[in-house]
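J.: I am sharing upload_37.txt, which consists of compact mmCIF, C-alpha atoms and all ligand atoms:
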```
# COMPACT_ATOMS: atom_id res chain seq x y z
CA MET A 1 0.00 0.00 0.00
CA LYS A 2 2.70 2.41 1.08
CA ARG A 3 4.81 1.39 -1.93
CA ARG A 4 1.96 2.20 -4.29
CA LEU A 5 1.63 5.67 -2.86
CA VAL A 6 5.33 6.36 -3.21
CA LEU A 7 5.34 5.21 -6.83
CA LYS A 8 2.35 7.34 -7.63
CA ARG A 9 4.00 10.40 -6.18
CA LEU A 10 7.18 9.74 -8.17
CA LEU A 11 5.26 9.47 -11.41
CA GLN A 12 3.80 12.86 -10.75
CA THR A 13 7.14 14.49 -10.07
CA SER A 14 9.26 13.12 -12.90
CA GLY A 15 9.27 16.57 -14.47
CA GLY A 16 8.29 15.57 -17.97
CA LEU A 17 11.80 14.49 -18.94
CA VAL A 18 12.48 11.45 -21.07
CA ALA A 19 12.55 8.58 -18.63
CA THR A 20 13.10 4.88 -18.80
CA VAL A 21 10.66 2.58 -17.08
CA LEU A 22 12.22 -0.17 -15.02
CA PRO A 23 10.47 -3.50 -14.64
CA GLY A 24 8.17 -3.32 -11.63
CA CYS A 25 9.49 0.10 -10.86
CA THR A 26 8.94 3.73 -11.54
CA THR A 27 10.03 6.53 -13.83
CA HIS A 28 13.16 8.51 -13.26
CA GLN A 29 15.82 9.65 -15.61
CA HIS A 30 18.79 7.32 -16.02
CA LEU A 31 22.37 8.43 -15.87
CA GLN A 32 23.41 8.11 -19.48
CA LEU A 33 23.88 11.84 -19.51
CA LEU A 34 22.51 13.82 -16.63
CA PHE A 35 20.63 16.19 -18.90
CA PRO A 36 19.72 16.47 -22.56
CA VAL A 37 21.91 19.12 -24.18
CA GLU A 38 19.41 20.83 -26.43
CA PRO A 39 19.05 24.42 -25.17
CA GLN A 40 15.24 24.19 -25.23
CA GLN A 41 15.48 21.45 -22.57
CA PHE A 42 16.63 24.16 -20.24
CA ASP A 43 13.13 25.55 -20.00
CA LYS A 44 12.02 22.29 -18.38
CA PRO A 45 12.46 21.83 -14.64
CA LEU A 46 15.26 19.66 -13.30
CA PRO A 47 14.13 16.08 -12.69
CA LYS A 48 13.54 15.13 -9.08
CA HIS A 49 15.53 11.92 -9.35
CA VAL A 50 18.27 10.58 -11.58
CA ILE A 51 19.22 7.01 -10.76
CA THR A 52 22.32 5.11 -11.81
CA PRO A 53 21.37 2.04 -13.84
CA LEU A 54 22.72 -1.22 -12.39
CA SER A 55 24.97 -1.63 -15.44
CA GLU A 56 26.80 1.57 -14.43
CA PHE A 57 26.63 1.26 -10.65
CA TYR A 58 30.11 0.78 -9.15
CA VAL A 59 31.00 -2.38 -7.26
CA GLN A 60 33.46 -2.22 -4.38
CA SER A 61 34.21 -5.48 -2.59
CA TYR A 62 37.39 -6.41 -0.71
CA ALA A 63 37.11 -10.02 -1.88
CA SER A 64 35.05 -11.94 -4.43
CA SER A 65 31.27 -12.01 -4.10
CA PRO A 66 30.00 -14.96 -2.04
CA THR A 67 27.12 -17.03 -3.40
CA VAL A 68 24.31 -17.01 -0.85
CA ASP A 69 21.21 -19.23 -1.08
CA GLN A 70 18.22 -17.01 -0.30
CA ASP A 71 16.21 -19.94 1.13
CA LYS A 72 18.99 -20.89 3.54
CA TRP A 73 20.07 -17.35 4.35
CA GLN A 74 19.57 -16.14 7.92
CA LEU A 75 20.14 -12.88 9.74
CA LYS A 76 21.11 -13.36 13.38
CA PHE A 77 20.89 -10.78 16.15
CA THR A 78 23.47 -11.92 18.71
CA GLY A 79 25.84 -10.82 21.47
CA LEU A 80 24.72 -8.73 24.43
CA VAL A 81 20.99 -9.13 23.91
CA ASP A 82 18.32 -10.68 26.15
CA THR A 83 16.49 -12.46 23.34
CA PRO A 84 18.65 -13.49 20.37
CA LEU A 85 16.67 -13.45 17.12
CA THR A 86 17.06 -15.21 13.78
CA LEU A 87 15.29 -13.93 10.68
CA THR A 88 14.73 -15.77 7.41
CA PHE A 89 14.22 -14.06 4.06
CA GLU A 90 10.49 -14.73 4.42
CA ASP A 91 10.49 -12.82 7.70
CA ILE A 92 12.07 -9.85 5.91
CA LEU A 93 9.39 -9.90 3.19
CA ALA A 94 6.61 -10.22 5.78
CA ALA A 95 7.72 -6.97 7.46
CA PRO A 96 6.58 -3.55 6.14
CA GLN A 97 8.38 -2.55 2.94
CA GLU A 98 9.62 0.94 2.12
CA ASP A 99 11.19 2.50 -0.99
CA PHE A 100 13.75 5.28 -0.68
CA TYR A 101 16.34 7.01 -2.83
CA LEU A 102 19.88 7.07 -1.49
CA THR A 103 23.26 7.88 -3.00
CA MET A 104 26.12 5.55 -2.19
CA GLU A 105 29.75 6.59 -2.49
CA CYS A 106 33.00 4.89 -1.55
CA ILE A 107 35.17 6.79 0.94
CA GLY A 108 38.11 6.00 -1.33
CA ASN A 109 36.47 7.47 -4.42
CA ARG A 110 38.88 9.77 -6.20
CA THR A 111 37.67 13.33 -6.59
CA GLY A 112 35.09 13.18 -9.33
CA GLY A 113 35.53 9.42 -9.64
CA ARG A 114 33.02 6.80 -10.67
CA GLN A 115 32.53 5.18 -7.27
CA ILE A 116 29.26 6.95 -6.62
CA GLY A 117 25.72 6.06 -7.63
CA ASN A 118 22.12 6.84 -6.78
CA ALA A 119 19.54 4.07 -6.47
CA LEU A 120 15.98 3.41 -5.39
CA TRP A 121 16.32 0.90 -2.56
CA THR A 122 13.59 -1.32 -1.11
CA GLY A 123 13.64 -2.89 2.32
CA THR A 124 12.32 -2.90 5.86
CA PRO A 125 13.42 -0.79 8.85
CA VAL A 126 15.72 -2.60 11.28
CA LEU A 127 14.46 -0.65 14.33
CA PRO A 128 11.43 -2.86 15.19
CA PHE A 129 13.74 -5.91 15.32
CA LEU A 130 16.31 -4.11 17.48
CA LYS A 131 13.54 -3.12 19.90
CA LYS A 132 12.50 -6.78 20.26
CA ILE A 133 15.86 -8.25 21.23
CA GLY A 134 16.50 -6.35 24.47
CA ILE A 135 19.92 -4.80 24.00
CA GLN A 136 21.81 -4.96 27.28
CA ASP A 137 23.18 -1.82 28.94
CA LYS A 138 26.79 -3.03 28.59
CA ALA A 139 26.53 -2.99 24.80
CA VAL A 140 28.13 0.05 23.14
CA GLU A 141 28.39 -0.96 19.48
CA PHE A 142 27.06 -3.32 16.88
CA MET A 143 29.47 -5.40 14.88
CA LEU A 144 27.96 -6.15 11.47
CA HIS A 145 29.11 -9.44 9.91
CA ALA A 146 28.78 -10.58 6.31
CA ALA A 147 29.05 -13.82 4.32
CA ASP A 148 32.41 -12.75 2.84
CA SER A 149 33.77 -12.25 6.40
CA TYR A 150 33.62 -8.46 5.96
CA GLU A 151 32.84 -6.62 9.16
CA THR A 152 32.27 -3.07 10.32
CA THR A 153 31.02 -1.45 13.53
CA LEU A 154 28.67 1.34 14.53
CA PRO A 155 27.52 2.79 17.86
CA ILE A 156 24.21 1.33 19.10
CA THR A 157 22.35 4.63 18.62
CA ASN A 158 23.46 4.92 14.99
CA LEU A 159 21.68 1.70 14.09
CA MET A 160 18.61 2.46 16.18
CA GLN A 161 17.30 5.03 13.72
CA PRO A 162 14.06 4.73 11.74
CA ASP A 163 15.86 5.28 8.41
CA VAL A 164 18.27 2.33 8.78
CA HIS A 165 16.98 -0.40 6.46
CA LEU A 166 17.52 -4.07 5.69
CA VAL A 167 17.52 -3.83 1.91
CA HIS A 168 16.85 -6.50 -0.70
CA ARG A 169 15.97 -4.56 -3.86
CA MET A 170 17.85 -1.97 -5.89
CA ASN A 171 16.21 0.02 -8.71
CA GLY A 172 13.20 -2.29 -8.56
CA GLU A 173 15.12 -5.56 -8.92
CA SER A 174 16.46 -8.12 -6.44
CA LEU A 175 19.98 -7.21 -5.33
CA THR A 176 22.49 -8.67 -7.76
CA ARG A 177 25.18 -10.96 -6.38
CA SER A 178 27.84 -8.24 -6.56
CA HIS A 179 25.62 -5.73 -4.72
CA GLY A 180 24.95 -8.10 -1.81
CA PHE A 181 22.28 -10.68 -2.65
CA PRO A 182 20.08 -11.45 -0.86
CA LEU A 183 20.31 -8.63 1.70
CA ARG A 184 22.43 -5.68 2.81
CA ILE A 185 21.98 -3.00 5.42
CA ILE A 186 21.85 0.72 4.63
CA ILE A 187 22.86 3.29 7.22
CA PRO A 188 22.19 6.73 5.68
CA GLY A 189 24.80 9.49 5.87
CA ARG A 190 27.83 7.17 5.80
CA TYR A 191 30.18 6.17 3.03
CA GLY A 192 29.77 2.73 1.43
CA GLN A 193 31.99 0.86 3.89
CA LYS A 194 29.23 1.18 6.53
CA GLN A 195 26.71 -0.57 4.24
CA PRO A 196 27.67 -4.27 4.47
CA LYS A 197 26.46 -6.50 1.65
CA TRP A 198 25.56 -10.20 2.18
CA LEU A 199 24.67 -9.32 5.80
CA THR A 200 24.45 -12.34 8.14
CA GLU A 201 24.78 -11.12 11.72
CA ILE A 202 24.22 -8.06 13.89
CA GLU A 203 26.18 -8.52 17.12
CA ALA A 204 25.93 -6.27 20.17
CA ILE A 205 29.41 -5.84 21.72
CA ALA A 206 30.77 -4.31 24.93
CA ASP A 207 33.98 -2.68 23.66
CA PRO A 208 34.44 -0.47 20.62
CA LYS A 209 36.10 -2.32 17.74
CA GLN A 210 37.11 -1.50 14.21
CA GLY A 211 36.06 -3.21 11.02
CA TYR A 212 37.94 -4.32 7.92
CA TRP A 213 38.59 -0.92 6.30
CA GLU A 214 38.78 0.98 9.58
CA ARG A 215 41.70 -1.21 10.74
CA GLN A 216 43.51 -0.01 7.63
CA GLY A 217 43.19 3.60 8.65
CA TRP A 218 39.95 4.72 7.04
CA SER A 219 37.61 6.84 9.13
CA ASN A 220 35.65 4.88 11.73
CA THR A 221 32.68 7.24 11.55
CA ALA A 222 32.84 7.44 7.73
CA LYS A 223 30.39 10.32 7.53
CA ILE A 224 29.85 11.70 4.04
CA ASP A 225 31.55 15.08 3.45
CA THR A 226 29.80 17.97 1.73
CA HIS A 227 30.84 17.93 -1.92
CA ALA A 228 29.80 18.67 -5.48
CA ILE A 229 30.85 16.59 -8.48
CA THR A 230 30.70 17.84 -12.06
CA GLN A 231 29.54 14.99 -14.26
CA GLN A 232 28.65 16.56 -17.58
CA VAL A 233 29.98 19.30 -19.84
CA GLN A 234 27.84 19.87 -22.92
CA SER A 235 27.18 16.36 -24.28
CA GLN A 236 30.25 14.83 -22.64
CA LYS A 237 30.39 12.84 -19.41
CA VAL A 238 33.35 13.90 -17.30
CA TRP A 239 35.03 11.80 -14.65
CA ASN A 240 38.16 12.32 -12.55
CA LYS A 241 40.84 14.99 -12.28
CA GLN A 242 42.34 14.84 -15.72
CA SER A 243 39.07 15.66 -17.40
CA GLN A 244 39.66 17.47 -20.69
CA VAL A 245 36.86 18.70 -22.87
CA ASN A 246 37.22 20.22 -26.34
CA LEU A 247 34.23 21.98 -27.84
CA PRO A 248 33.78 23.27 -31.39
CA ARG A 249 32.42 26.77 -31.92
CA THR A 250 29.37 25.82 -33.91
CA GLY A 251 27.09 22.86 -34.46
CA LYS A 252 24.97 20.83 -32.06
CA LYS A 253 27.74 20.54 -29.47
CA GLY A 254 29.19 23.97 -30.18
CA TRP A 255 29.94 26.45 -27.40
CA GLN A 256 28.45 29.44 -29.17
CA GLN A 257 24.93 28.35 -28.26
CA GLY A 258 25.93 27.97 -24.61
CA VAL A 259 27.66 25.22 -22.65
CA ILE A 260 25.75 23.03 -20.22
CA ILE A 261 27.63 22.17 -17.04
CA ALA A 262 25.85 19.74 -14.73
CA GLY A 263 26.49 17.46 -11.81
CA VAL A 264 25.49 16.23 -8.39
CA ALA A 265 26.17 17.13 -4.75
CA ILE A 266 25.81 15.26 -1.48
CA ASP A 267 26.11 15.78 2.28
CA GLN A 268 25.84 13.47 5.30
CA SER A 269 22.62 14.88 6.71
CA GLN A 270 21.54 18.23 5.28
CA SER A 271 20.03 19.52 2.07
CA MET A 272 22.03 21.82 -0.21
CA GLU A 273 21.89 25.58 0.18
CA TRP A 274 23.77 26.34 -3.04
CA ILE A 275 26.10 25.00 -5.68
CA LYS A 276 28.47 27.55 -7.24
CA ILE A 277 30.28 27.25 -10.54
CA SER A 278 33.46 28.98 -11.64
CA THR A 279 34.61 28.96 -15.26
CA ASP A 280 37.79 30.98 -14.56
CA ASN A 281 39.67 28.71 -12.16
CA GLY A 282 38.00 30.08 -9.04
CA LYS A 283 38.24 33.87 -9.58
CA THR A 284 34.51 34.42 -9.98
CA TRP A 285 31.55 32.26 -9.04
CA THR A 286 27.88 32.02 -10.01
CA HIS A 287 25.02 29.99 -8.62
CA ALA A 288 23.84 26.90 -10.45
CA GLU A 289 20.20 25.83 -10.57
CA ILE A 290 19.52 22.97 -8.10
CA ASN A 291 16.69 20.48 -7.57
CA GLN A 292 15.03 19.37 -4.35
CA PRO A 293 15.66 15.66 -3.86
CA SER A 294 13.43 13.53 -1.65
CA SER A 295 15.93 13.48 1.23
CA PRO A 296 19.42 14.80 2.08
CA HIS A 297 20.69 11.26 1.46
CA GLU A 298 19.89 11.46 -2.22
CA TRP A 299 22.20 13.52 -4.42
CA THR A 300 21.13 17.02 -5.36
CA LEU A 301 21.17 17.65 -9.11
CA TRP A 302 22.51 20.95 -10.42
CA ARG A 303 23.04 22.55 -13.81
CA TYR A 304 24.36 25.78 -15.21
CA ARG A 305 24.29 27.24 -18.71
CA TRP A 306 27.56 28.99 -19.40
CA GLN A 307 27.63 31.58 -22.18
CA PRO A 308 31.33 31.98 -23.07
CA ALA A 309 32.28 35.12 -25.00
CA GLN A 310 35.40 33.90 -26.75
CA PRO A 311 37.49 30.81 -27.55
CA GLY A 312 40.36 29.74 -25.30
CA LYS A 313 41.23 27.51 -22.37
CA TYR A 314 39.04 27.58 -19.27
CA LYS A 315 39.07 25.81 -15.89
CA LEU A 316 35.72 24.74 -14.47
CA LEU A 317 35.13 24.20 -10.75
CA ALA A 318 32.04 23.39 -8.69
CA GLN A 319 31.59 24.00 -4.96
CA ALA A 320 28.76 22.88 -2.68
CA LYS A 321 27.31 24.34 0.49
CA SER A 322 24.86 22.32 2.53
CA ARG A 323 22.91 23.71 5.49
CA ARG A 324 25.68 22.20 7.59
CA LYS A 325 28.95 23.00 5.86
CA GLU A 326 30.67 24.74 2.96
CA GLN A 327 32.93 22.48 0.93
CA PRO A 328 36.54 23.64 1.43
CA LEU A 329 38.19 24.62 -1.86
CA ASN A 330 41.66 23.64 -0.79
CA ASP A 331 41.55 20.61 1.47
CA LYS A 332 44.95 19.10 0.82
CA ASN A 333 44.71 16.82 3.86
CA ALA A 334 41.49 15.19 2.79
CA ARG A 335 42.36 11.52 2.85
CA ASP A 336 39.00 10.26 3.97
CA GLY A 337 36.32 10.77 1.40
CA SER A 338 36.09 12.15 -2.05
CA ALA A 339 35.38 15.74 -1.12
CA GLY A 340 38.12 17.40 -3.18
CA VAL A 341 37.26 19.98 -5.84
CA LEU A 342 37.40 18.68 -9.39
CA LYS A 343 39.08 20.92 -11.96
CA ILE A 344 37.98 20.40 -15.54
CA GLU A 345 39.92 21.87 -18.43
CA VAL A 346 37.75 23.08 -21.26
CA THR A 347 39.12 24.20 -24.60
CA LEU A 348 36.77 26.26 -26.70
CA LEU A 349 37.95 26.03 -30.28
CA GLY A 350 38.03 29.18 -32.39
N1 LIG A 401 30.22 -7.68 2.77
C1 LIG A 401 30.78 -6.59 2.22
N2 LIG A 401 30.11 -5.43 2.24
C2 LIG A 401 30.65 -4.32 1.69
C3 LIG A 401 31.94 -4.34 1.14
C4 LIG A 401 32.64 -5.57 1.13
O1 LIG A 401 33.78 -5.70 0.65
N3 LIG A 401 32.03 -6.68 1.68
N4 LIG A 401 32.49 -3.17 0.64
C5 LIG A 401 31.94 -1.93 1.16
C6 LIG A 401 32.38 -0.75 0.43
S1 LIG A 401 33.97 -0.24 0.75
C7 LIG A 401 31.53 -0.02 -0.38
S2 LIG A 401 32.04 1.45 -1.04
C8 LIG A 401 30.17 -0.50 -0.68
C9 LIG A 401 29.94 -0.58 -2.17
O2 LIG A 401 28.68 -1.08 -2.46
P1 LIG A 401 28.35 -1.53 -3.94
O3 LIG A 401 29.42 -2.53 -4.36
O4 LIG A 401 26.99 -2.11 -3.91
O5 LIG A 401 28.43 -0.29 -4.79
O6 LIG A 401 29.92 -1.78 -0.13
C10 LIG A 401 30.42 -1.95 1.18
N5 LIG A 401 29.92 -3.19 1.72
MO MO A 402 34.09 1.83 -0.05
```
Would you mind giving the structure from this file in structure tokens?
Ligand SMILES: Nc1nc2c(c(=O)[nH]1)N[C@H]1C(S)=C(S)[C@@H](COP(=O)(O)O)O[C@H]1N2
Ligand SMILES: [Mo]
T.:
Amino acid sequence: MKRRLVLKRLLQTSGGLVATVLPGCTTHQHLQLLFPVEPQQFDKPLPKHVITPLSEFYVQSYASSPTVDQDKWQLKFTGLVDTPLTLTFEDILAAPQEDFYLTMECIGNRTGGRQIGNALWTGTPVLPFLKKIGIQDKAVEFMLHAADSYETTLPITNLMQPDVHLVHRMNGESLTRSHGFPLRIIIPGRYGQKQPKWLTEIEAIADPKQGYWERQGWSNTAKIDTHAITQQVQSQKVWNKQSQVNLPRTGKKGWQQGVIIAGVAIDQSQSMEWIKISTDNGKTWTHAEINQPSSPHEWTLWRYRWQPAQPGKYKLLAQAKSRRKEQPLNDKNARDGSAGVLKIEVTLLG
């Protein structure tokens, strides 16, 4: 029932843009290019959601994907609890189902890299199960265990939130093996390492511990930093630091008719206040148009139509400000997270 309502609302807010219909799913624009480049498209509102198709969604696993039999799979709640609980996949499906959009990014993503994607996830909140098991006062953290022996930890209160979900569908389809079939957990606001795939056990523990990536020096809180990522210049997708774009003066992709610059932005908990674009290597800045995603955990879409006056070489930058934090322009120490500022070199041919 709830699912129906959500889908209906999404259909009404797809903004009239060309959209692909997923099996058993809804309409949203797919990430072939963020936006059509024809100037007349600019009169149309930004779409509310752009999802990354599964064929383009990054996979980050420390080992090979385990094969898990859905019928034999179990999720155990163990450790410092009064009433240990074991769930089967049927138990998961019998619980209330919710759909939500959420952007996942790897903490090790290079600035402007491909290890980021937005999906429509389906699952059930973990909170009602955690309330049943009687977590003992001595417990300070949960250790999350997975079928590939991956593990990570989180404070008890971080898991006891209504938006933490046990997830079994992605973009309207069962999770694929590489994305964690049959079930993963999603803890909004954190980088990917806090979203174990192939989840098998939630263990309440008395002493703080570190998980697989955290033992190797990655942040133990792994909260998503405020950052913008440019993903499209005119009809070209741009990824990573060495992005170079050459544009002819005239024709369909020519710069004379204006250059579309577009991308995404994300924060750990707050919506975006603005995205600013510079086309002169940071000397001057202008505001981009932004959309209003369904939650702060889904990327904000932004676009800007640049009207260059003459040919030459230009450096494009994008900066985000959420209601929480302004993205630093020069964060040389940023090891954790992908929050650096991408510089794109654009050559406008004469
Ligand atoms: N069981 C398990 N879960 C895991 C991982 C892993 O190696 N094993 N990698 C984590 C990391 S580092 C990231 S960025 C995300 C990536 O999720 P995806 O492969 O579905 O994009 O999964 C996380 N969950
Ligand atoms: Mo990651």
J.: Compile a residue-level contact table for chain A against ligand LIG 401 (chain A) at a cut-off of 9 Å, reporting for every qualifying residue the shortest atom pair and its distance in Å to one decimal, with only C-alpha atoms and all ligand atoms counted, rows ordered by chain and ascending number, as a tab-separated table.
T.:
```
residue	atom	partner	partner_atom	distance
A:Phe57	CA	A:LIG401	O5	6.3
A:Tyr58	CA	A:LIG401	O5	4.8
A:Val59	CA	A:LIG401	O3	3.3
A:Gln60	CA	A:LIG401	O3	4.1
A:Ser61	CA	A:LIG401	O1	3.3
A:Tyr62	CA	A:LIG401	O1	3.9
A:Ala63	CA	A:LIG401	O1	6.0
A:Ser64	CA	A:LIG401	O1	8.1
A:Ser65	CA	A:LIG401	N3	7.9
A:Pro66	CA	A:LIG401	N1	8.7
A:Met104	CA	A:LIG401	O5	6.8
A:Glu105	CA	A:LIG401	S2	5.8
A:Cys106	CA	A:LIG401	S2	3.6
A:Ile107	CA	A:LIG401	S2	6.5
A:Gly108	CA	A:LIG401	S2	7.6
A:Asn109	CA	A:LIG401	S2	8.2
A:Gln115	CA	A:LIG401	O5	7.3
A:Ile116	CA	A:LIG401	O5	7.5
A:Gly117	CA	A:LIG401	O5	7.5
A:His145	CA	A:LIG401	N1	7.4
A:Ala146	CA	A:LIG401	N1	4.8
A:Ala147	CA	A:LIG401	N1	6.4
A:Asp148	CA	A:LIG401	N1	5.5
A:Ser149	CA	A:LIG401	N1	6.8
A:Tyr150	CA	A:LIG401	N1	4.7
A:Glu151	CA	A:LIG401	N1	7.0
A:Thr152	CA	A:LIG401	N2	8.7
A:Leu175	CA	A:LIG401	O4	8.8
A:Thr176	CA	A:LIG401	O4	8.8
A:Ser178	CA	A:LIG401	O3	6.3
A:His179	CA	A:LIG401	O4	4.0
A:Gly180	CA	A:LIG401	O4	6.7
A:Arg184	CA	A:LIG401	N2	7.7
A:Ile185	CA	A:LIG401	N5	8.8
A:Tyr191	CA	A:LIG401	S2	6.5
A:Gly192	CA	A:LIG401	S2	3.6
A:Gln193	CA	A:LIG401	C6	3.8
A:Lys194	CA	A:LIG401	C10	6.3
A:Gln195	CA	A:LIG401	N5	4.8
A:Pro196	CA	A:LIG401	N2	3.5
A:Lys197	CA	A:LIG401	N2	3.8
A:Trp198	CA	A:LIG401	N1	5.3
A:Leu199	CA	A:LIG401	N1	6.5
A:Tyr212	CA	A:LIG401	O1	8.5
A:Trp213	CA	A:LIG401	S1	7.3
```
J.: If you measure from atom CA of A:Asn118 to atom CA of A:Glu298, what distance in Å do you get, rounded to one decimal?
T.: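 According to the coordinates, atom CA of A:Asn118 and atom CA of A:Glu298 are separated by 6.9 Å.
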J.: Write out as JSON, numbers by chain which residues come within 12 Å of A:Ile156 when counting all atoms listed in the file, dropping same-chain ones fewer than 5 positions away.
T.: {"A": [80, 81, 127, 130, 131, 135, 136, 137, 138, 139, 140, 141, 142, 143, 144, 161, 164, 202, 203, 204, 205, 206, 207, 208]}
J.: Which neighbours of stretch 249-256 of chain A fall inside 7 Å, counting only C-alpha atoms, when residues of the same chain fewer than 4 positions from it are skipped, and could you give them as a list in words?
T.: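 Surrounding residues, per the criterion: Gln234, Ser235, Leu348, Leu349 and Gly350 of chain A.
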J.: Quick one: everything within 9 Å of A:Ile133, counting only C-alpha atoms, minus sequence neighbours fewer than 6 positions away in the same chain. Send it as a VMD selection string.
T.: chain A and resid 77 to 78 81 to 85
J.: Grab the atom CA of A:Ser271 to atom CA of A:Leu301 distance for me, in Å with one decimal place.
T.: 11.4 Å
J.: At what distance in Å, to one decimal, does atom CA of A:Thr52 lie from atom CA of A:Ser278?
T.: 26.3 Å
